[in-house]
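Shown next: input23.txt, containing compact mmCIF, C-alpha atoms.
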```
# COMPACT_ATOMS: atom_id res chain seq x y z
CA MET A 837 -21.22 -10.20 5.13
CA ARG A 838 -24.63 -10.48 3.42
CA LEU A 839 -27.88 -12.48 3.29
CA ALA A 840 -28.57 -14.19 -0.03
CA ASP A 841 -32.32 -14.69 0.69
CA PRO A 842 -33.17 -12.09 3.35
CA TRP A 843 -36.95 -12.46 2.93
CA PHE A 844 -36.82 -15.70 4.94
CA LEU A 845 -36.19 -13.52 7.99
CA ALA A 846 -39.92 -12.74 7.85
CA LEU A 847 -40.42 -16.17 9.44
CA LEU A 848 -39.05 -14.70 12.66
CA ALA A 849 -42.25 -12.64 12.93
CA LEU A 850 -44.22 -15.89 13.26
CA LEU A 851 -42.29 -17.03 16.36
CA PRO A 852 -44.60 -15.26 18.87
CA PHE A 853 -47.60 -17.03 17.35
CA VAL A 854 -45.81 -20.38 17.45
CA VAL A 855 -44.91 -19.87 21.11
CA ARG A 856 -48.45 -18.80 21.94
CA ALA A 857 -49.92 -21.82 20.17
CA ALA A 858 -47.51 -24.13 22.02
CA ARG A 859 -48.62 -22.75 25.41
CA ARG A 860 -52.36 -22.92 24.62
CA PRO A 861 -54.05 -25.89 26.36
CA ALA A 862 -55.84 -28.55 24.34
CA ARG A 863 -59.56 -27.99 23.76
CA ARG A 864 -60.48 -31.36 25.17
CA ALA A 865 -58.84 -32.81 28.23
CA THR A 866 -57.78 -36.43 28.01
CA LEU A 867 -58.63 -37.03 31.69
CA ARG A 868 -61.29 -35.14 33.62
CA PHE A 869 -60.87 -34.30 37.31
CA PRO A 870 -63.42 -32.63 39.52
CA SER A 871 -60.65 -30.50 41.05
CA LEU A 872 -56.97 -29.75 40.19
CA GLY A 873 -56.05 -28.88 43.73
CA ILE A 874 -54.84 -32.38 44.58
CA LEU A 875 -52.74 -32.57 41.37
CA ARG A 876 -51.12 -29.23 42.14
CA THR A 877 -50.04 -30.46 45.57
CA ILE A 878 -48.36 -33.56 44.18
CA ALA A 879 -46.86 -31.89 41.07
CA PRO A 880 -43.09 -31.42 41.22
CA ARG A 881 -41.87 -27.91 41.96
CA GLY A 882 -40.74 -25.78 39.04
CA ALA A 883 -42.88 -27.55 36.47
CA GLY A 884 -43.87 -24.25 34.87
CA THR A 885 -40.23 -23.17 34.58
CA ARG A 886 -39.29 -26.46 32.98
CA ARG A 887 -42.01 -26.03 30.38
CA LEU A 888 -40.64 -22.56 29.59
CA VAL A 889 -37.16 -24.06 29.11
CA LEU A 890 -38.48 -26.50 26.53
CA LEU A 891 -40.39 -23.73 24.81
CA ALA A 892 -37.27 -21.52 24.70
CA LEU A 893 -35.26 -24.34 23.15
CA ARG A 894 -37.90 -24.81 20.45
CA ALA A 895 -38.09 -21.05 19.74
CA ALA A 896 -34.27 -20.81 19.47
CA ALA A 897 -34.19 -23.76 17.07
CA LEU A 898 -36.89 -22.21 14.86
CA ALA A 899 -35.08 -18.84 14.88
CA ALA A 900 -31.80 -20.48 13.84
CA ILE A 901 -33.58 -22.32 11.01
CA ALA A 902 -35.16 -19.06 9.78
CA VAL A 903 -31.78 -17.30 9.69
CA ALA A 904 -30.19 -20.33 8.00
CA LEU A 905 -32.88 -20.18 5.28
CA ALA A 906 -31.84 -16.54 4.68
CA ARG A 907 -28.38 -17.92 3.73
CA PRO A 908 -25.87 -15.67 5.51
CA GLN A 909 -22.65 -15.40 3.51
CA ALA A 910 -19.19 -14.05 4.30
CA GLY A 911 -17.38 -12.41 1.40
CA SER A 912 -13.65 -12.18 0.98
CA ALA A 913 -12.57 -9.42 -1.42
CA ALA A 914 -9.68 -9.95 -3.83
CA THR A 915 -8.69 -6.83 -5.78
CA LYS A 916 -6.85 -7.21 -9.04
CA ILE A 917 -4.99 -4.04 -10.01
CA HIS A 918 -4.12 -3.31 -13.60
CA ARG A 919 -1.87 -0.33 -14.09
CA GLU A 920 -0.04 1.07 -17.07
CA GLY A 921 3.65 0.84 -16.19
CA VAL A 922 5.93 3.84 -15.84
CA ASP A 923 9.65 3.51 -16.53
CA VAL A 924 12.01 5.83 -14.66
CA MET A 925 15.76 6.34 -14.93
CA LEU A 926 17.54 8.15 -12.12
CA ALA A 927 20.77 9.90 -13.11
CA VAL A 928 22.83 10.89 -10.06
CA ASP A 929 26.06 12.88 -9.99
CA VAL A 930 28.88 11.20 -8.01
CA SER A 931 31.61 13.68 -8.80
CA GLY A 932 33.94 15.01 -6.10
CA SER A 933 31.89 18.14 -5.47
CA MET A 934 29.08 15.94 -4.09
CA LEU A 935 31.23 15.59 -0.95
CA ALA A 936 30.13 19.07 0.15
CA GLU A 937 28.25 18.71 3.44
CA ASP A 938 25.49 21.28 3.07
CA PHE A 939 22.63 18.77 3.62
CA THR A 940 21.38 16.83 6.63
CA VAL A 941 20.17 13.25 7.20
CA ASP A 942 18.33 12.38 10.43
CA GLY A 943 19.40 15.68 11.94
CA GLN A 944 23.11 15.08 11.24
CA ARG A 945 25.30 16.88 8.74
CA ALA A 946 25.64 14.83 5.53
CA ASN A 947 27.15 15.23 2.10
CA ARG A 948 25.00 15.66 -0.98
CA LEU A 949 25.19 12.04 -2.11
CA GLN A 950 24.10 10.77 1.31
CA ALA A 951 21.08 13.09 1.21
CA VAL A 952 20.22 11.97 -2.31
CA LYS A 953 20.37 8.31 -1.29
CA SER A 954 18.00 8.95 1.61
CA VAL A 955 15.45 10.81 -0.51
CA VAL A 956 15.65 8.46 -3.52
CA LYS A 957 14.80 5.52 -1.26
CA GLU A 958 11.54 7.26 -0.34
CA PHE A 959 10.88 8.02 -4.02
CA VAL A 960 11.37 4.36 -4.98
CA ALA A 961 9.17 3.14 -2.12
CA ALA A 962 6.33 5.36 -3.38
CA ARG A 963 6.38 3.71 -6.84
CA PRO A 964 6.22 -0.06 -6.17
CA GLU A 965 4.75 -0.91 -9.58
CA ASP A 966 7.17 1.04 -11.78
CA ARG A 967 10.41 -0.10 -13.35
CA ILE A 968 13.25 2.08 -12.12
CA GLY A 969 16.91 2.19 -13.15
CA LEU A 970 20.00 4.07 -11.97
CA VAL A 971 22.80 5.80 -13.88
CA LEU A 972 25.75 7.23 -11.96
CA PHE A 973 28.02 9.75 -13.59
CA ALA A 974 31.08 11.86 -13.07
CA ALA A 975 33.50 12.27 -15.99
CA ARG A 976 31.56 9.47 -17.72
CA PRO A 977 28.25 7.69 -17.10
CA TYR A 978 27.91 4.22 -15.64
CA THR A 979 24.69 2.19 -15.52
CA GLN A 980 24.61 1.06 -11.91
CA CYS A 981 21.23 -0.66 -12.31
CA PRO A 982 19.12 -1.20 -15.47
CA LEU A 983 15.35 -0.84 -15.43
CA THR A 984 13.94 -3.30 -12.93
CA LEU A 985 10.92 -4.09 -10.78
CA ASP A 986 13.25 -5.58 -8.16
CA HIS A 987 13.50 -2.44 -6.08
CA GLY A 988 15.42 -4.26 -3.36
CA TRP A 989 18.24 -4.92 -5.79
CA LEU A 990 18.00 -1.33 -7.06
CA LEU A 991 18.43 0.05 -3.55
CA GLN A 992 21.37 -2.28 -2.92
CA ASN A 993 23.07 -0.80 -5.99
CA LEU A 994 22.21 2.69 -4.78
CA ASP A 995 23.84 1.96 -1.42
CA ARG A 996 27.00 0.87 -3.23
CA ALA A 997 27.30 4.20 -5.04
CA GLU A 998 30.31 6.12 -3.78
CA ILE A 999 31.99 9.37 -4.67
CA GLY A 1000 35.26 8.63 -6.47
CA MET A 1001 34.14 5.34 -8.04
CA ILE A 1002 34.30 7.11 -11.42
CA GLU A 1003 37.04 9.50 -12.51
CA ASP A 1004 36.20 13.05 -11.53
CA GLY A 1005 34.32 15.41 -13.81
CA THR A 1006 30.70 16.20 -14.73
CA ALA A 1007 29.43 14.68 -17.98
CA VAL A 1008 25.81 15.85 -17.88
CA GLY A 1009 25.18 15.27 -21.61
CA SER A 1010 26.66 11.77 -21.66
CA ALA A 1011 24.79 10.82 -18.48
CA LEU A 1012 21.49 11.98 -19.94
CA ALA A 1013 22.19 10.15 -23.19
CA ALA A 1014 22.91 6.93 -21.25
CA ALA A 1015 19.65 7.25 -19.31
CA VAL A 1016 17.66 8.00 -22.46
CA ASN A 1017 19.25 5.05 -24.22
CA ARG A 1018 18.05 2.76 -21.41
CA LEU A 1019 14.51 4.07 -21.88
CA ARG A 1020 14.54 4.02 -25.68
CA PRO A 1021 13.34 0.39 -26.16
CA SER A 1022 10.72 0.75 -23.43
CA THR A 1023 7.06 0.33 -24.42
CA ALA A 1024 5.74 1.90 -21.19
CA LYS A 1025 2.96 4.44 -21.48
CA SER A 1026 5.05 7.00 -19.62
CA LYS A 1027 8.81 7.29 -19.16
CA PHE A 1028 11.00 10.00 -17.72
CA VAL A 1029 14.47 10.79 -16.34
CA VAL A 1030 15.32 12.52 -13.08
CA LEU A 1031 18.81 14.02 -13.45
CA LEU A 1032 20.58 15.49 -10.41
CA THR A 1033 23.89 17.33 -10.49
CA ASP A 1034 25.68 19.99 -8.46
CA GLY A 1035 28.06 21.32 -11.10
CA GLN A 1036 28.62 22.30 -14.71
CA SER A 1037 29.03 19.95 -17.64
CA ASN A 1038 32.78 19.77 -18.30
CA ALA A 1039 33.27 16.24 -19.64
CA GLY A 1040 31.79 13.74 -22.05
CA LYS A 1041 31.41 13.60 -25.81
CA ILE A 1042 27.72 14.53 -25.96
CA THR A 1043 26.45 18.01 -25.14
CA PRO A 1044 23.52 18.38 -22.75
CA GLN A 1045 21.37 19.99 -25.44
CA THR A 1046 22.00 17.17 -27.92
CA ALA A 1047 20.93 14.62 -25.30
CA ALA A 1048 17.87 16.72 -24.44
CA ASP A 1049 16.84 16.89 -28.11
CA ALA A 1050 17.13 13.10 -28.34
CA ALA A 1051 14.97 12.68 -25.23
CA ALA A 1052 12.33 15.04 -26.62
CA ALA A 1053 12.28 13.17 -29.94
CA LEU A 1054 11.58 9.92 -28.05
CA GLY A 1055 8.87 11.49 -25.89
CA ILE A 1056 10.94 11.20 -22.70
CA LYS A 1057 10.63 13.93 -20.08
CA VAL A 1058 13.76 14.99 -18.20
CA TYR A 1059 13.29 16.52 -14.76
CA THR A 1060 16.51 18.27 -13.72
CA ILE A 1061 17.65 19.08 -10.18
CA GLY A 1062 20.46 21.43 -9.23
CA ALA A 1063 21.82 20.40 -5.81
CA GLY A 1064 23.66 22.65 -3.36
CA THR A 1065 23.22 25.76 -1.29
CA ARG A 1066 23.55 29.11 -2.95
CA GLY A 1067 26.89 30.79 -2.44
CA MET A 1068 29.50 28.88 -0.44
CA ALA A 1069 29.23 25.29 0.79
CA PRO A 1070 31.32 23.54 3.48
CA PHE A 1071 33.71 21.05 1.87
CA PRO A 1072 35.40 18.50 4.18
CA THR A 1073 39.15 18.15 4.15
CA GLN A 1074 41.98 17.25 6.55
CA ASP A 1075 44.38 19.58 8.28
CA PHE A 1076 48.09 18.97 8.90
CA PHE A 1077 47.30 16.72 11.88
CA GLY A 1078 44.74 14.59 10.02
CA ASN A 1079 41.69 16.18 11.64
CA LYS A 1080 38.54 16.75 9.64
CA VAL A 1081 37.99 20.41 8.89
CA TYR A 1082 35.79 22.31 6.46
CA ARG A 1083 36.73 24.88 3.89
CA PRO A 1084 34.21 26.94 1.94
CA MET A 1085 33.64 25.97 -1.69
CA GLN A 1086 31.79 27.97 -4.29
CA VAL A 1087 28.60 26.25 -5.49
CA ASP A 1088 28.68 26.26 -9.27
CA VAL A 1089 25.43 24.81 -10.60
CA ASP A 1090 24.78 25.47 -14.29
CA GLU A 1091 21.13 26.37 -13.84
CA PRO A 1092 20.55 27.79 -17.36
CA THR A 1093 21.63 24.49 -18.95
CA LEU A 1094 19.48 22.42 -16.59
CA GLN A 1095 16.51 24.71 -17.18
CA LYS A 1096 16.93 24.38 -20.94
CA ILE A 1097 17.09 20.57 -20.75
CA ALA A 1098 13.83 20.49 -18.79
CA ALA A 1099 12.11 22.96 -21.09
CA THR A 1100 13.18 21.04 -24.20
CA THR A 1101 11.56 17.85 -22.88
CA HIS A 1102 8.44 19.59 -21.47
CA ALA A 1103 9.45 18.89 -17.87
CA ARG A 1104 10.63 21.10 -14.99
CA TYR A 1105 13.83 22.26 -13.34
CA PHE A 1106 14.20 22.33 -9.53
CA ARG A 1107 16.80 23.72 -7.17
CA ALA A 1108 17.51 21.76 -3.97
CA THR A 1109 19.32 23.82 -1.35
CA ASP A 1110 18.69 21.49 1.60
CA THR A 1111 17.31 18.06 2.43
CA PRO A 1112 13.65 19.10 2.99
CA THR A 1113 13.67 20.91 -0.37
CA LEU A 1114 15.20 17.87 -2.07
CA ARG A 1115 12.60 15.58 -0.50
CA GLU A 1116 9.75 17.83 -1.64
CA ILE A 1117 11.18 17.96 -5.18
CA TYR A 1118 11.19 14.18 -5.54
CA ALA A 1119 7.71 14.02 -3.98
CA GLU A 1120 6.42 16.60 -6.47
CA ILE A 1121 7.91 14.69 -9.40
CA ASP A 1122 6.30 11.53 -8.03
CA ARG A 1123 2.88 13.24 -7.90
CA SER A 1124 3.29 14.70 -11.39
CA GLU A 1125 4.06 11.35 -12.99
CA LYS A 1126 1.33 9.16 -11.50
CA THR A 1127 -0.84 7.26 -13.99
CA ALA A 1128 -4.42 6.19 -13.43
CA PHE A 1129 -5.15 2.53 -12.82
CA GLU A 1130 -8.23 0.32 -12.63
CA ALA A 1131 -8.97 -1.87 -9.65
CA PRO A 1132 -11.94 -4.16 -10.34
CA GLU A 1133 -13.08 -5.98 -7.22
CA TYR A 1134 -13.98 -9.65 -7.14
CA LEU A 1135 -15.92 -11.07 -4.15
CA ASP A 1136 -15.86 -14.72 -3.18
CA TYR A 1137 -18.73 -15.55 -0.82
CA ARG A 1138 -18.70 -18.46 1.63
CA GLU A 1139 -21.97 -19.99 2.87
CA LEU A 1140 -22.46 -19.78 6.63
CA TYR A 1141 -25.86 -21.50 6.98
CA PRO A 1142 -24.34 -24.86 8.12
CA TRP A 1143 -23.16 -23.04 11.26
CA LEU A 1144 -26.83 -22.39 12.05
CA VAL A 1145 -28.45 -25.64 10.84
CA TRP A 1146 -26.36 -27.88 13.08
CA PRO A 1147 -27.01 -25.82 16.24
CA ALA A 1148 -30.73 -25.77 15.37
CA LEU A 1149 -30.72 -29.59 15.08
CA ALA A 1150 -28.87 -29.83 18.38
CA LEU A 1151 -31.48 -27.63 20.06
CA VAL A 1152 -34.31 -29.81 18.72
CA LEU A 1153 -32.62 -32.97 19.96
CA LEU A 1154 -31.93 -31.31 23.31
CA GLU A 1155 -35.61 -30.34 23.62
CA ILE A 1156 -36.74 -33.88 22.84
CA GLY A 1157 -34.18 -35.41 25.19
CA LEU A 1158 -35.03 -33.13 28.11
CA GLY A 1159 -38.74 -33.45 27.45
CA GLU A 1160 -38.55 -37.22 27.72
CA THR A 1161 -36.28 -37.28 30.78
CA VAL A 1162 -35.64 -34.65 33.47
CA LEU A 1163 -38.21 -32.19 32.12
CA ARG A 1164 -40.84 -34.77 31.31
CA LYS A 1165 -44.40 -33.67 31.98
CA LEU A 1166 -47.51 -35.69 32.54
CA PRO A 1167 -50.29 -35.55 29.97
```
Can the structure in the file be given as structure tokens, please?
Amino acid sequence: MRLADPWFLALLALLPFVVRAARRPARRATLRFPSLGILRTIAPRGAGTRRLVLLALRAAALAAIAVALARPQAGSAATKIHREGVDVMLAVDVSGSMLAEDFTVDGQRANRLQAVKSVVKEFVAARPEDRIGLVLFAARPYTQCPLTLDHGWLLQNLDRAEIGMIEDGTAVGSALAAAVNRLRPSTAKSKFVVLLTDGQSNAGKITPQTAADAAAALGIKVYTIGAGTRGMAPFPTQDFFGNKVYRPMQVDVDEPTLQKIAATTHARYFRATDTPTLREIYAEIDRSEKTAFEAPEYLDYRELYPWLVWPALALVLLEIGLGETVLRKLP
């Protein structure tokens, strides 16, 4: 809201003088009477009040005209955001060891993949303007979703990810190579991979270091995450009667390899031992890979003076109408 010509508001300071001049009697009387006592006795009651009503209508009309001349305007802001895009590939382990239930989701015990799905959804929601893709891997990699701005479709593909959909194993090198290959033709200003696994690389034709060297050569950072509690983790299985029971399983994350991949690509390695830690890791990666953007603001102003001019005209007509009828006064 603004006034295009605010100096016209100075006219409001003249209103008291206009009102005073309107109430001042004429210098010369049209008719002369030796005494006004008789006229006062026959004058209708409330004549003075009626004159004040007419004067108030005129003052309100003049005030509305003064404000209308100041041209009040209402502005509606439209912000156009220009941001350099960031391309992200998420590489998620779906091998059998991800069934270990050492994480929680909404206060309930959950396996590692369920926890990853929950946290990745928050990560994606925090980056609405970035292209994000998804590579699942076990004994071999599989591109579940290529780079896309359609995050709804991305999350649908994430929900469809299941442990056992790919033959068991852990092909860290091949998974990283597949993610890097998806980012290779990208022209984005920044691009990186977030690779999560809970085991050691024991499958695939490409070594983790070879894939890391390729990523570094292309200027792609690789953030690595080792998932799983330290020591033993509860692994679900069935007993003789078909009941769900847990047996302890040794957590075997190859931290040195993951640390070396991150160091080679000038990124960082993280260890997620529970859901809060995993959530904080993805949040920290999100903060580290934000790019600046410009948001020039354009204002479109709409003139509001017609909403004052028409009421002012109505007040003038009302004053004239009342002055010539019910509030008519004798000369």
Review point. Quick one: residues within 9 Å of A:Pro1084, all atoms listed in the file counted, chain neighbours fewer than 3 positions away excluded, as an NGL selection string?
Key: :A and (1068-1072)
Using C-alpha atoms, can you write the selected residues to a file as a PDB file, keeping the file's coordinate frame?
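In the end it all went to out-v6.pdb:
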```
ATOM      1  CA  MET A1068      29.500  28.880  -0.440  1.00  0.00           C
ATOM      2  CA  ALA A1069      29.230  25.290   0.790  1.00  0.00           C
ATOM      3  CA  PRO A1070      31.320  23.540   3.480  1.00  0.00           C
ATOM      4  CA  PHE A1071      33.710  21.050   1.870  1.00  0.00           C
ATOM      5  CA  PRO A1072      35.400  18.500   4.180  1.00  0.00           C
TER       6      PRO A1072
END
```
Check your understanding: What is the distance between atom CA of A:Pro1044 and atom CA of A:Arg1020, in Å to one decimal?
Key ->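 For atom CA of A:Pro1044 relative to atom CA of A:Arg1020, the distance reads 17.2 Å.
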Check your understanding: atom CA of A:Phe939 to atom CA of A:Asp986: how many Å, to one decimal?
Key -> 28.6 Å
Review point. Which is closer to A:Arg963 than all the others in A:Leu893, A:Val922, A:Leu983, A:Val1145, using all atoms listed in the file?
Key: A:Val922
**Study point:** Nearest to A:Thr1023, chosen from A:Val971, A:Leu1054, A:Leu1094, A:Ala1103, with all atoms listed in the file counted in the distances
**Key:** A:Leu1054
Point to revise | For A:Ala892, the nearest of the candidates A:Thr1046, A:Arg907, A:Arg856, A:Ile1061, counting only C-alpha atoms | key: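 The closest residue to A:Ala892 is A:Arg856.
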Check your understanding: Which residues come within 12 Å of A:Ala1050, counting all atoms listed in the file, excluding same-chain residues fewer than 6 positions away, as a PyMOL selection string?
Key -> chain A and resi 1009-1010+1012-1017+1019-1020+1042-1044+1056-1058+1097+1100-1101
Per-residue nearest contacts stretch 914-984 of chain A to stretch 1030-1040 of chain A, cut-off 8 Å, using all atoms listed in the file, as a Markdown table:
```
| residue | atom | partner | partner_atom | distance |
| --- | --- | --- | --- | --- |
| A:Val924 | CA | A:Val1030 | CA | 7.6 |
| A:Met925 | CA | A:Val1030 | CA | 6.5 |
| A:Leu926 | CA | A:Val1030 | CA | 5.0 |
| A:Ala927 | CA | A:Leu1031 | CA | 4.6 |
| A:Val928 | CA | A:Leu1032 | CA | 5.1 |
| A:Asp929 | CA | A:Thr1033 | CA | 5.0 |
| A:Ser933 | CA | A:Asp1034 | CA | 7.1 |
| A:Met934 | CA | A:Asp1034 | CA | 6.9 |
| A:Ala975 | CA | A:Ala1039 | CA | 5.4 |
| A:Arg976 | CA | A:Gly1040 | CA | 6.1 |
```
